[in-house]
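Visitor: Here it is: the structure, laid out below.
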Amino acid sequence: MQKIKVAMFTDELDVGKERCPYYRRLIEQLLKEPEIDLTLIHAKPNPDQPLYRQTREIILPRIELPFASRFVSFIRFCLTTKEQFDIVHWLHPRVFPFFWLFPAKKKVIMAHAGGDVLSPTDFFSLPRLVFNYTLIWFSRRVDAFLAVSNYGNREVVYAYRVSPEKVFTVLPAVDQMYDPLPSDEHIATTVKKYGLEKGKYVLFLGRFRLHKHVGHLVRSYIRYREKNPNAKEILALAGSTKDEYVRSFGELPSSPYMSDIKFIGYIETEDVPSIYAGAMVISFVTLSEGFGMPIIEGGACKVPIIVSNMTASPEAAGDAAIVVDAHDPEALADAFSLVKKPEVRKTLIERAYKRSRFFTIEMSTRSTVAVYKHILGLGTHLRYNEKPVLQFIPFETAKLFD
């Protein structure tokens, strides 16, 4: 059997382990595929990443310049190498101009969704602008875009002006670090390290970017406390700093409940399952998501989740979360109260956990390999608008909990 020679750009692996659990798991699974001959390509040596020792590695010879060193190094490699691949796969949509010079028959880009083009940003970035327009202007040179949801699929078509036949949905996976879950004792000890008490906090975990809508969460929490002055739950904002919050959303509102809003900052990767599992509820009421990994990660940790009614969040949540209007602070405040009802809580936890079990790395890998075969004409026939492998059911709180 002749193997498919795949070159995968893996600079994301070198940024930090908390940034790339899905990428690492995907590569680990591809290395087990008998049909795949995988080569990992990146810009700088990373002796701390064991994956580079498990397969062939190419470190791009670097040309040092005052600026654009990585771009020039990439172009030089493309023009001088004798390597030949069947597939080149980028793990993000930020590809260099002239990406099509890479010596591979087919080009695959994991775009996730259209957020790089469509989501609001906190600051202007020239590199982001260049990356975006590179794909918009030259999307015809890409053989397959990979999206992580059906909504994200449509966003890719719109954002990058690409033919729908070139866009395929490859659902993401819940990382294995959530199975099995930590013990109750370990959870309690871990959350205490961050100044929290198990079951006594509303959690947001993520970057404080504009589309994460964290300012709305703060206002909704204050409204919840005003309506429920005897409530004991604090609001824990994790993943970024208070300064980052202020830069994105302005100064915190004046309220007697401000002392119960805690900025937790960076969470160690190994502590994330405990931080999720220790929460009373996870709030992920954002404005734009290609998928929304905290939705299924929280489900894997057996915690109720509240999501927004916008973009891919309802699709990711299905019937396993409370879906609220992203612009209505009263709706989110009421959801915090609703989720404390025992029958509601039990139903949400059961559904969310069951749903999280669907998103496996084996399924993601099979889908990825199927796309490879399809664009190479090796017998796997896919259509961008095929019936999804999972029926996404909208969550109707009123019908379920009347």
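Order determines the names: the first chain of the structure tokens is A, the second B, and so forth; residues in each chain are numbered 1 upward, and ligands are numbered 1 upward as they are shown.
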Running DSSP on the backbone, which parts of segment 67-175 of chain A land in strand (DSSP E or B), as a list in words?
Guide: Phe85, Asp86, Ile87, Val88, His89, Trp90, Ala104, Lys105, Lys106, Lys107, Val108, Ile109, Met110, Ala111, His112, Ala144, Phe145, Leu146, Ala147, Val167, Phe168 and Thr169 of chain A
Visitor: Residues of segment 126-215 of chain A classed as helix (DSSP H, G or I) by DSSP on the backbone are to be reported as a PDB file with N, CA and C atoms, in the first residue's frame.
Guide:
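Printed below is out11.pdb as written:
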```pdb
ATOM      1  N   LEU A 126      -1.182  44.298  11.325  1.00  0.00           N
ATOM      2  CA  LEU A 126      -0.812  44.195   9.919  1.00  0.00           C
ATOM      3  C   LEU A 126      -0.613  42.747   9.485  1.00  0.00           C
ATOM      4  N   PRO A 127       0.087  41.908  10.271  1.00  0.00           N
ATOM      5  CA  PRO A 127       0.214  40.507   9.853  1.00  0.00           C
ATOM      6  C   PRO A 127      -1.138  39.824   9.649  1.00  0.00           C
ATOM      7  N   ARG A 128      -2.090  40.075  10.580  1.00  0.00           N
ATOM      8  CA  ARG A 128      -3.404  39.459  10.428  1.00  0.00           C
ATOM      9  C   ARG A 128      -4.079  39.915   9.145  1.00  0.00           C
ATOM     10  N   LEU A 129      -3.942  41.193   8.822  1.00  0.00           N
ATOM     11  CA  LEU A 129      -4.520  41.721   7.589  1.00  0.00           C
ATOM     12  C   LEU A 129      -3.920  41.030   6.369  1.00  0.00           C
ATOM     13  N   VAL A 130      -2.602  40.857   6.376  1.00  0.00           N
ATOM     14  CA  VAL A 130      -1.919  40.204   5.255  1.00  0.00           C
ATOM     15  C   VAL A 130      -2.367  38.753   5.132  1.00  0.00           C
ATOM     16  N   PHE A 131      -2.408  38.036   6.262  1.00  0.00           N
ATOM     17  CA  PHE A 131      -2.840  36.637   6.228  1.00  0.00           C
ATOM     18  C   PHE A 131      -4.269  36.526   5.692  1.00  0.00           C
ATOM     19  N   ASN A 132      -5.158  37.397   6.176  1.00  0.00           N
ATOM     20  CA  ASN A 132      -6.552  37.330   5.750  1.00  0.00           C
ATOM     21  C   ASN A 132      -6.685  37.529   4.244  1.00  0.00           C
ATOM     22  N   TYR A 133      -6.035  38.577   3.745  1.00  0.00           N
ATOM     23  CA  TYR A 133      -6.202  38.876   2.325  1.00  0.00           C
ATOM     24  C   TYR A 133      -5.444  37.901   1.434  1.00  0.00           C
ATOM     25  N   THR A 134      -4.416  37.270   1.970  1.00  0.00           N
ATOM     26  CA  THR A 134      -3.758  36.210   1.206  1.00  0.00           C
ATOM     27  C   THR A 134      -4.751  35.103   0.876  1.00  0.00           C
ATOM     28  N   LEU A 135      -5.537  34.688   1.871  1.00  0.00           N
ATOM     29  CA  LEU A 135      -6.502  33.625   1.625  1.00  0.00           C
ATOM     30  C   LEU A 135      -7.722  34.109   0.846  1.00  0.00           C
ATOM     31  N   ILE A 136      -8.145  35.339   1.083  1.00  0.00           N
ATOM     32  CA  ILE A 136      -9.291  35.858   0.334  1.00  0.00           C
ATOM     33  C   ILE A 136      -8.964  35.944  -1.151  1.00  0.00           C
ATOM     34  N   TRP A 137      -7.797  36.479  -1.479  1.00  0.00           N
ATOM     35  CA  TRP A 137      -7.436  36.668  -2.877  1.00  0.00           C
ATOM     36  C   TRP A 137      -7.020  35.369  -3.571  1.00  0.00           C
ATOM     37  N   PHE A 138      -6.480  34.436  -2.801  1.00  0.00           N
ATOM     38  CA  PHE A 138      -5.921  33.231  -3.420  1.00  0.00           C
ATOM     39  C   PHE A 138      -6.569  31.947  -2.893  1.00  0.00           C
ATOM     40  N   SER A 139      -7.821  32.037  -2.476  1.00  0.00           N
ATOM     41  CA  SER A 139      -8.509  30.843  -1.968  1.00  0.00           C
ATOM     42  C   SER A 139      -8.638  29.771  -3.048  1.00  0.00           C
ATOM     43  N   ARG A 140      -8.612  30.176  -4.314  1.00  0.00           N
ATOM     44  CA  ARG A 140      -8.703  29.187  -5.384  1.00  0.00           C
ATOM     45  C   ARG A 140      -7.520  28.237  -5.401  1.00  0.00           C
ATOM     46  N   ARG A 141      -6.415  28.624  -4.766  1.00  0.00           N
ATOM     47  CA  ARG A 141      -5.220  27.780  -4.729  1.00  0.00           C
ATOM     48  C   ARG A 141      -5.254  26.785  -3.556  1.00  0.00           C
ATOM     49  N   ASN A 150     -20.756  23.186  11.426  1.00  0.00           N
ATOM     50  CA  ASN A 150     -21.509  23.500  10.216  1.00  0.00           C
ATOM     51  C   ASN A 150     -21.654  25.006  10.053  1.00  0.00           C
ATOM     52  N   TYR A 151     -21.812  25.720  11.171  1.00  0.00           N
ATOM     53  CA  TYR A 151     -21.847  27.180  11.087  1.00  0.00           C
ATOM     54  C   TYR A 151     -20.497  27.710  10.605  1.00  0.00           C
ATOM     55  N   GLY A 152     -19.415  27.188  11.191  1.00  0.00           N
ATOM     56  CA  GLY A 152     -18.089  27.603  10.765  1.00  0.00           C
ATOM     57  C   GLY A 152     -17.843  27.321   9.304  1.00  0.00           C
ATOM     58  N   ASN A 153     -18.398  26.226   8.803  1.00  0.00           N
ATOM     59  CA  ASN A 153     -18.290  25.892   7.385  1.00  0.00           C
ATOM     60  C   ASN A 153     -18.842  27.029   6.533  1.00  0.00           C
ATOM     61  N   ARG A 154     -20.027  27.493   6.888  1.00  0.00           N
ATOM     62  CA  ARG A 154     -20.645  28.581   6.120  1.00  0.00           C
ATOM     63  C   ARG A 154     -19.855  29.886   6.270  1.00  0.00           C
ATOM     64  N   GLU A 155     -19.300  30.111   7.470  1.00  0.00           N
ATOM     65  CA  GLU A 155     -18.474  31.307   7.658  1.00  0.00           C
ATOM     66  C   GLU A 155     -17.252  31.296   6.750  1.00  0.00           C
ATOM     67  N   VAL A 156     -16.606  30.147   6.618  1.00  0.00           N
ATOM     68  CA  VAL A 156     -15.430  30.045   5.758  1.00  0.00           C
ATOM     69  C   VAL A 156     -15.796  30.409   4.320  1.00  0.00           C
ATOM     70  N   VAL A 157     -16.914  29.879   3.843  1.00  0.00           N
ATOM     71  CA  VAL A 157     -17.366  30.182   2.486  1.00  0.00           C
ATOM     72  C   VAL A 157     -17.527  31.683   2.303  1.00  0.00           C
ATOM     73  N   TYR A 158     -18.152  32.321   3.288  1.00  0.00           N
ATOM     74  CA  TYR A 158     -18.424  33.760   3.192  1.00  0.00           C
ATOM     75  C   TYR A 158     -17.158  34.595   3.390  1.00  0.00           C
ATOM     76  N   ALA A 159     -16.392  34.286   4.430  1.00  0.00           N
ATOM     77  CA  ALA A 159     -15.253  35.132   4.807  1.00  0.00           C
ATOM     78  C   ALA A 159     -14.150  35.090   3.764  1.00  0.00           C
ATOM     79  N   TYR A 160     -13.863  33.891   3.239  1.00  0.00           N
ATOM     80  CA  TYR A 160     -12.735  33.748   2.317  1.00  0.00           C
ATOM     81  C   TYR A 160     -13.169  33.668   0.859  1.00  0.00           C
ATOM     82  N   PRO A 164     -18.158  26.502  -1.911  1.00  0.00           N
ATOM     83  CA  PRO A 164     -18.589  25.599  -0.839  1.00  0.00           C
ATOM     84  C   PRO A 164     -18.083  24.170  -1.006  1.00  0.00           C
ATOM     85  N   GLU A 165     -17.848  23.741  -2.236  1.00  0.00           N
ATOM     86  CA  GLU A 165     -17.376  22.382  -2.461  1.00  0.00           C
ATOM     87  C   GLU A 165     -15.989  22.137  -1.898  1.00  0.00           C
ATOM     88  N   LYS A 166     -15.280  23.208  -1.559  1.00  0.00           N
ATOM     89  CA  LYS A 166     -13.929  23.066  -1.018  1.00  0.00           C
ATOM     90  C   LYS A 166     -13.885  23.077   0.508  1.00  0.00           C
ATOM     91  N   GLN A 176      -8.113  14.147  26.038  1.00  0.00           N
ATOM     92  CA  GLN A 176      -8.112  13.011  26.963  1.00  0.00           C
ATOM     93  C   GLN A 176      -7.815  13.412  28.401  1.00  0.00           C
ATOM     94  N   MET A 177      -7.358  14.660  28.634  1.00  0.00           N
ATOM     95  CA  MET A 177      -7.071  15.052  30.011  1.00  0.00           C
ATOM     96  C   MET A 177      -8.352  15.191  30.840  1.00  0.00           C
ATOM     97  N   TYR A 178      -9.523  15.185  30.173  1.00  0.00           N
ATOM     98  CA  TYR A 178     -10.788  15.271  30.893  1.00  0.00           C
ATOM     99  C   TYR A 178     -11.369  13.897  31.237  1.00  0.00           C
ATOM    100  N   ASP A 184     -13.047  14.470  43.848  1.00  0.00           N
ATOM    101  CA  ASP A 184     -13.608  15.651  44.507  1.00  0.00           C
ATOM    102  C   ASP A 184     -12.571  16.334  45.392  1.00  0.00           C
ATOM    103  N   GLU A 185     -11.755  15.534  46.064  1.00  0.00           N
ATOM    104  CA  GLU A 185     -10.730  16.098  46.945  1.00  0.00           C
ATOM    105  C   GLU A 185      -9.694  16.882  46.133  1.00  0.00           C
ATOM    106  N   HIS A 186      -9.297  16.324  45.000  1.00  0.00           N
ATOM    107  CA  HIS A 186      -8.312  17.007  44.156  1.00  0.00           C
ATOM    108  C   HIS A 186      -8.890  18.293  43.591  1.00  0.00           C
ATOM    109  N   ILE A 187     -10.165  18.247  43.193  1.00  0.00           N
ATOM    110  CA  ILE A 187     -10.819  19.450  42.673  1.00  0.00           C
ATOM    111  C   ILE A 187     -10.841  20.539  43.736  1.00  0.00           C
ATOM    112  N   ALA A 188     -11.254  20.185  44.944  1.00  0.00           N
ATOM    113  CA  ALA A 188     -11.346  21.165  46.037  1.00  0.00           C
ATOM    114  C   ALA A 188      -9.987  21.780  46.341  1.00  0.00           C
ATOM    115  N   THR A 189      -8.948  20.950  46.361  1.00  0.00           N
ATOM    116  CA  THR A 189      -7.597  21.453  46.642  1.00  0.00           C
ATOM    117  C   THR A 189      -7.103  22.365  45.537  1.00  0.00           C
ATOM    118  N   THR A 190      -7.378  21.981  44.286  1.00  0.00           N
ATOM    119  CA  THR A 190      -6.894  22.769  43.149  1.00  0.00           C
ATOM    120  C   THR A 190      -7.566  24.122  43.080  1.00  0.00           C
ATOM    121  N   VAL A 191      -8.886  24.156  43.215  1.00  0.00           N
ATOM    122  CA  VAL A 191      -9.572  25.447  43.110  1.00  0.00           C
ATOM    123  C   VAL A 191      -9.199  26.362  44.269  1.00  0.00           C
ATOM    124  N   LYS A 192      -8.913  25.778  45.418  1.00  0.00           N
ATOM    125  CA  LYS A 192      -8.482  26.585  46.570  1.00  0.00           C
ATOM    126  C   LYS A 192      -7.174  27.301  46.260  1.00  0.00           C
ATOM    127  N   LYS A 193      -6.309  26.652  45.476  1.00  0.00           N
ATOM    128  CA  LYS A 193      -5.044  27.271  45.086  1.00  0.00           C
ATOM    129  C   LYS A 193      -5.263  28.584  44.337  1.00  0.00           C
ATOM    130  N   LEU A 210     -12.783  41.160  22.438  1.00  0.00           N
ATOM    131  CA  LEU A 210     -14.080  41.796  22.292  1.00  0.00           C
ATOM    132  C   LEU A 210     -15.196  40.800  22.048  1.00  0.00           C
ATOM    133  N   HIS A 211     -14.956  39.815  21.187  1.00  0.00           N
ATOM    134  CA  HIS A 211     -16.028  38.898  20.841  1.00  0.00           C
ATOM    135  C   HIS A 211     -16.348  37.921  21.967  1.00  0.00           C
ATOM    136  N   LYS A 212     -15.509  37.874  23.000  1.00  0.00           N
ATOM    137  CA  LYS A 212     -15.820  37.021  24.144  1.00  0.00           C
ATOM    138  C   LYS A 212     -16.868  37.652  25.062  1.00  0.00           C
ATOM    139  N   VAL A 214     -17.067  39.603  27.628  1.00  0.00           N
ATOM    140  CA  VAL A 214     -16.923  39.424  29.074  1.00  0.00           C
ATOM    141  C   VAL A 214     -17.515  40.609  29.841  1.00  0.00           C
ATOM    142  N   GLY A 215     -17.505  41.789  29.249  1.00  0.00           N
ATOM    143  CA  GLY A 215     -18.139  42.933  29.893  1.00  0.00           C
ATOM    144  C   GLY A 215     -19.627  42.695  30.129  1.00  0.00           C
TER     145      GLY A 215
END
```
Visitor: Excluding Glu350 of chain A and its own-chain neighbours fewer than 4 positions away, which residues fall within 12 Å of it when counting only C-alpha atoms? Please give them as a list in words.
Guide: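 Neighbouring residues, sequence-local ones excluded: Gly298, Gly299, Ala300, Cys301, Lys302, Val303, Pro304, Ile305, Asp319, Ala320, Ala321, Glu343, Val344, Arg345, Lys346, Lys354, Arg355, Ser356 and Arg357 of chain A.
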Visitor: Pick out the residues sitting within 10 Å of segment 80-95 of chain A, and hand them over as an NGL selection string; count only C-alpha atoms, and ignore anything fewer than 2 positions along from it in its own chain.
Guide: :A and (3-13 or 20 or 23 or 37-41 or 71 or 75-78 or 97-100 or 102-114 or 116 or 127-135 or 143-146 or 372-373 or 375-376)
Visitor: Only C-alpha atoms, please: the residues just picked out, written as a PDB file, in the first residue's frame.
Guide:
```
ATOM      1  CA  LYS A   3       1.158   5.857   1.799  1.00  0.00           C
ATOM      2  CA  ILE A   4      -0.112   9.425   1.523  1.00  0.00           C
ATOM      3  CA  LYS A   5       2.810  11.738   2.138  1.00  0.00           C
ATOM      4  CA  VAL A   6       1.585  14.557   4.370  1.00  0.00           C
ATOM      5  CA  ALA A   7       3.578  17.623   5.416  1.00  0.00           C
ATOM      6  CA  MET A   8       2.067  19.424   8.397  1.00  0.00           C
ATOM      7  CA  PHE A   9       3.152  22.865   9.600  1.00  0.00           C
ATOM      8  CA  THR A  10       3.326  22.622  13.374  1.00  0.00           C
ATOM      9  CA  ASP A  11       4.597  25.971  14.666  1.00  0.00           C
ATOM     10  CA  GLU A  12       1.498  26.016  16.882  1.00  0.00           C
ATOM     11  CA  LEU A  13       3.012  23.135  18.844  1.00  0.00           C
ATOM     12  CA  CYS A  20      -2.563  23.081  21.090  1.00  0.00           C
ATOM     13  CA  TYR A  23      -3.326  19.549  17.366  1.00  0.00           C
ATOM     14  CA  ASP A  37       3.419   9.117   6.091  1.00  0.00           C
ATOM     15  CA  LEU A  38       3.629  12.256   8.216  1.00  0.00           C
ATOM     16  CA  THR A  39       6.373  14.895   8.236  1.00  0.00           C
ATOM     17  CA  LEU A  40       6.248  17.769  10.734  1.00  0.00           C
ATOM     18  CA  ILE A  41       7.614  21.127   9.569  1.00  0.00           C
ATOM     19  CA  PHE A  71       8.441  34.455   5.332  1.00  0.00           C
ATOM     20  CA  ILE A  75       9.969  30.939   0.325  1.00  0.00           C
ATOM     21  CA  ARG A  76      13.594  29.877   0.106  1.00  0.00           C
ATOM     22  CA  PHE A  77      12.708  26.381   1.285  1.00  0.00           C
ATOM     23  CA  CYS A  78       9.897  26.115  -1.268  1.00  0.00           C
ATOM     24  CA  PRO A  97       1.782  34.850   0.584  1.00  0.00           C
ATOM     25  CA  PHE A  98       2.903  32.422  -2.135  1.00  0.00           C
ATOM     26  CA  PHE A  99       1.907  29.485   0.103  1.00  0.00           C
ATOM     27  CA  TRP A 100       1.066  27.606  -3.083  1.00  0.00           C
ATOM     28  CA  PHE A 102       5.121  24.585  -1.277  1.00  0.00           C
ATOM     29  CA  PRO A 103       5.961  21.288  -3.041  1.00  0.00           C
ATOM     30  CA  ALA A 104       2.721  19.381  -2.474  1.00  0.00           C
ATOM     31  CA  LYS A 105       0.020  18.238  -4.867  1.00  0.00           C
ATOM     32  CA  LYS A 106      -2.800  19.486  -2.632  1.00  0.00           C
ATOM     33  CA  LYS A 107      -3.109  22.249  -0.047  1.00  0.00           C
ATOM     34  CA  VAL A 108      -5.272  21.854   3.074  1.00  0.00           C
ATOM     35  CA  ILE A 109      -5.921  24.684   5.538  1.00  0.00           C
ATOM     36  CA  MET A 110      -7.637  24.253   8.893  1.00  0.00           C
ATOM     37  CA  ALA A 111      -9.558  27.523   8.928  1.00  0.00           C
ATOM     38  CA  HIS A 112     -11.818  26.517  11.867  1.00  0.00           C
ATOM     39  CA  ALA A 113     -14.330  29.221  10.869  1.00  0.00           C
ATOM     40  CA  GLY A 114     -14.267  32.754   9.469  1.00  0.00           C
ATOM     41  CA  ASP A 116      -9.982  35.741  11.629  1.00  0.00           C
ATOM     42  CA  PRO A 127       0.214  40.507   9.853  1.00  0.00           C
ATOM     43  CA  ARG A 128      -3.404  39.459  10.428  1.00  0.00           C
ATOM     44  CA  LEU A 129      -4.520  41.721   7.589  1.00  0.00           C
ATOM     45  CA  VAL A 130      -1.919  40.204   5.255  1.00  0.00           C
ATOM     46  CA  PHE A 131      -2.840  36.637   6.228  1.00  0.00           C
ATOM     47  CA  ASN A 132      -6.552  37.330   5.750  1.00  0.00           C
ATOM     48  CA  TYR A 133      -6.202  38.876   2.325  1.00  0.00           C
ATOM     49  CA  THR A 134      -3.758  36.210   1.206  1.00  0.00           C
ATOM     50  CA  LEU A 135      -6.502  33.625   1.625  1.00  0.00           C
ATOM     51  CA  ASP A 143      -7.852  22.423  -2.293  1.00  0.00           C
ATOM     52  CA  ALA A 144      -9.643  21.978   1.046  1.00  0.00           C
ATOM     53  CA  PHE A 145     -10.610  24.233   3.918  1.00  0.00           C
ATOM     54  CA  LEU A 146     -11.452  22.482   7.193  1.00  0.00           C
ATOM     55  CA  TYR A 372      -7.088  13.873   2.199  1.00  0.00           C
ATOM     56  CA  LYS A 373      -8.297  10.904   0.163  1.00  0.00           C
ATOM     57  CA  ILE A 375      -8.998  15.688  -2.771  1.00  0.00           C
ATOM     58  CA  LEU A 376      -6.412  13.176  -4.011  1.00  0.00           C
TER      59      LEU A 376
END
```
Visitor: For Ala236 of chain A, which residue out of A:Pro180, A:Gly195, A:Pro34, A:Pro45 is the nearest one, using only C-alpha atoms?
Guide: A:Gly195
Visitor: At a cut-off of 7 Å, can you tabulate as CSV every residue of segment 236-323 of chain A near segment 199-203 of chain A together with its closest atom pair and the distance in Å to one decimal, using only C-alpha atoms and ordering rows by chain then number?
Guide:
```
residue,atom,partner,partner_atom,distance
A:Ala236,CA,A:Leu203,CA,5.0
A:Leu237,CA,A:Leu203,CA,6.2
A:Gly278,CA,A:Gly199,CA,5.4
A:Ala279,CA,A:Gly199,CA,5.0
A:Met280,CA,A:Gly199,CA,4.6
A:Val281,CA,A:Val202,CA,5.2
A:Ile282,CA,A:Leu203,CA,4.8
A:Ser283,CA,A:Leu203,CA,6.0
```
Visitor: How many Å lie between atom CA of Pro61 of chain A and atom CA of Asn46 of chain A, rounded to one decimal?
Guide: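 Separation of atom CA of Pro61 of chain A and atom CA of Asn46 of chain A: 14.3 Å.
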Visitor: Would you mind listing what lies within 12 Å of segment 244-246 of chain A as a PyMOL selection string, with only C-alpha atoms counted and same-chain residues fewer than 6 positions away left out?
Guide: chain A and resi 122+206-210+212-218+237-238+252-253+262-265
Visitor: For segment 308-314 of chain A, list every protein, DNA or RNA residue within 10 Å, evaluated using only C-alpha atoms, and leave out those in the same chain fewer than 4 positions away; present the list as an NGL selection string.
Guide: :A and (113 or 148-153 or 155 or 283-293 or 295 or 318-328 or 332 or 392-395)
Visitor: Next, the residues of the selection above should be written as a CSV table (one decimal), in the first residue's frame with N, CA and C atoms.
Guide:
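New file out.csv:
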```csv
chain,number,residue,atom,x,y,z
A,113,ALA,N,-13.1,28.5,11.3
A,113,ALA,CA,-14.3,29.2,10.9
A,113,ALA,C,-13.8,30.5,10.2
A,148,VAL,N,-14.7,23.6,11.8
A,148,VAL,CA,-15.0,22.8,13.0
A,148,VAL,C,-16.5,22.7,13.4
A,149,SER,N,-17.3,23.3,12.6
A,149,SER,CA,-18.8,23.2,12.8
A,149,SER,C,-19.5,23.5,11.5
A,150,ASN,N,-20.8,23.2,11.4
A,150,ASN,CA,-21.5,23.5,10.2
A,150,ASN,C,-21.7,25.0,10.1
A,151,TYR,N,-21.8,25.7,11.2
A,151,TYR,CA,-21.8,27.2,11.1
A,151,TYR,C,-20.5,27.7,10.6
A,152,GLY,N,-19.4,27.2,11.2
A,152,GLY,CA,-18.1,27.6,10.8
A,152,GLY,C,-17.8,27.3,9.3
A,153,ASN,N,-18.4,26.2,8.8
A,153,ASN,CA,-18.3,25.9,7.4
A,153,ASN,C,-18.8,27.0,6.5
A,155,GLU,N,-19.3,30.1,7.5
A,155,GLU,CA,-18.5,31.3,7.7
A,155,GLU,C,-17.3,31.3,6.8
A,283,SER,N,-20.2,30.0,32.2
A,283,SER,CA,-20.9,31.0,31.3
A,283,SER,C,-20.0,31.2,30.1
A,284,PHE,N,-20.6,31.0,28.9
A,284,PHE,CA,-19.8,31.1,27.7
A,284,PHE,C,-20.7,31.9,26.7
A,285,VAL,N,-21.2,33.0,27.1
A,285,VAL,CA,-22.1,33.8,26.3
A,285,VAL,C,-21.4,34.8,25.4
A,286,THR,N,-20.8,34.3,24.4
A,286,THR,CA,-19.9,35.1,23.5
A,286,THR,C,-20.7,35.5,22.2
A,287,LEU,N,-20.0,36.4,21.5
A,287,LEU,CA,-20.6,36.9,20.3
A,287,LEU,C,-20.3,36.2,19.0
A,288,SER,N,-19.1,35.5,19.0
A,288,SER,CA,-18.6,34.8,17.8
A,288,SER,C,-17.8,33.7,18.2
A,289,GLU,N,-18.2,32.5,17.7
A,289,GLU,CA,-17.4,31.3,17.9
A,289,GLU,C,-17.5,30.4,16.7
A,290,GLY,N,-16.3,29.8,16.3
A,290,GLY,CA,-16.3,28.8,15.2
A,290,GLY,C,-16.9,27.5,15.8
A,291,PHE,N,-16.7,27.3,17.1
A,291,PHE,CA,-17.2,26.1,17.7
A,291,PHE,C,-17.5,26.5,19.2
A,292,GLY,N,-16.4,26.6,20.0
A,292,GLY,CA,-16.6,26.9,21.4
A,292,GLY,C,-16.2,25.8,22.3
A,293,MET,N,-14.9,25.5,22.3
A,293,MET,CA,-14.5,24.3,23.1
A,293,MET,C,-14.9,24.2,24.5
A,295,ILE,N,-17.6,24.7,25.8
A,295,ILE,CA,-18.9,24.1,25.8
A,295,ILE,C,-18.9,22.6,26.0
A,318,GLY,N,-26.1,22.0,21.4
A,318,GLY,CA,-27.3,21.2,21.1
A,318,GLY,C,-28.3,21.3,22.2
A,319,ASP,N,-28.8,20.2,22.7
A,319,ASP,CA,-29.8,20.3,23.8
A,319,ASP,C,-29.2,20.1,25.1
A,320,ALA,N,-28.0,20.5,25.3
A,320,ALA,CA,-27.2,20.2,26.5
A,320,ALA,C,-26.8,21.4,27.3
A,321,ALA,N,-27.4,22.6,26.9
A,321,ALA,CA,-27.0,23.8,27.6
A,321,ALA,C,-28.2,24.8,27.6
A,322,ILE,N,-28.1,25.8,28.5
A,322,ILE,CA,-29.1,26.9,28.4
A,322,ILE,C,-28.6,27.9,27.4
A,323,VAL,N,-29.5,28.2,26.5
A,323,VAL,CA,-29.1,29.2,25.4
A,323,VAL,C,-29.8,30.5,25.7
A,324,VAL,N,-29.1,31.6,25.8
A,324,VAL,CA,-29.7,32.9,26.1
A,324,VAL,C,-29.4,33.9,25.0
A,325,ASP,N,-30.1,35.0,25.0
A,325,ASP,CA,-29.9,36.1,24.1
A,325,ASP,C,-28.6,36.7,24.6
A,326,ALA,N,-27.6,36.8,23.6
A,326,ALA,CA,-26.3,37.3,24.0
A,326,ALA,C,-26.3,38.8,24.4
A,327,HIS,N,-27.4,39.5,24.1
A,327,HIS,CA,-27.4,41.0,24.4
A,327,HIS,C,-28.4,41.3,25.5
A,328,ASP,N,-28.9,40.3,26.2
A,328,ASP,CA,-29.9,40.5,27.3
A,328,ASP,C,-29.3,40.1,28.6
A,332,LEU,N,-29.4,36.3,31.1
A,332,LEU,CA,-28.2,35.6,31.6
A,332,LEU,C,-28.3,35.6,33.2
A,392,PHE,N,-27.7,18.2,15.4
A,392,PHE,CA,-27.6,19.3,16.4
A,392,PHE,C,-29.0,19.8,16.7
A,393,ILE,N,-29.4,19.6,18.0
A,393,ILE,CA,-30.8,19.9,18.4
A,393,ILE,C,-30.8,21.2,19.2
A,394,PRO,N,-31.5,22.2,18.8
A,394,PRO,CA,-31.6,23.4,19.6
A,394,PRO,C,-32.2,23.2,21.0
A,395,PHE,N,-31.7,23.9,22.0
A,395,PHE,CA,-32.1,23.7,23.3
A,395,PHE,C,-33.3,24.7,23.6
```
Visitor: I need the residue nearest Asn228 of chain A from this list: A:Gln29, A:Ser255, A:Ser337, A:Gln2. Use only C-alpha atoms for the distance.
Guide: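 Answer, going by the shortest atom-to-atom distance: A:Ser337.
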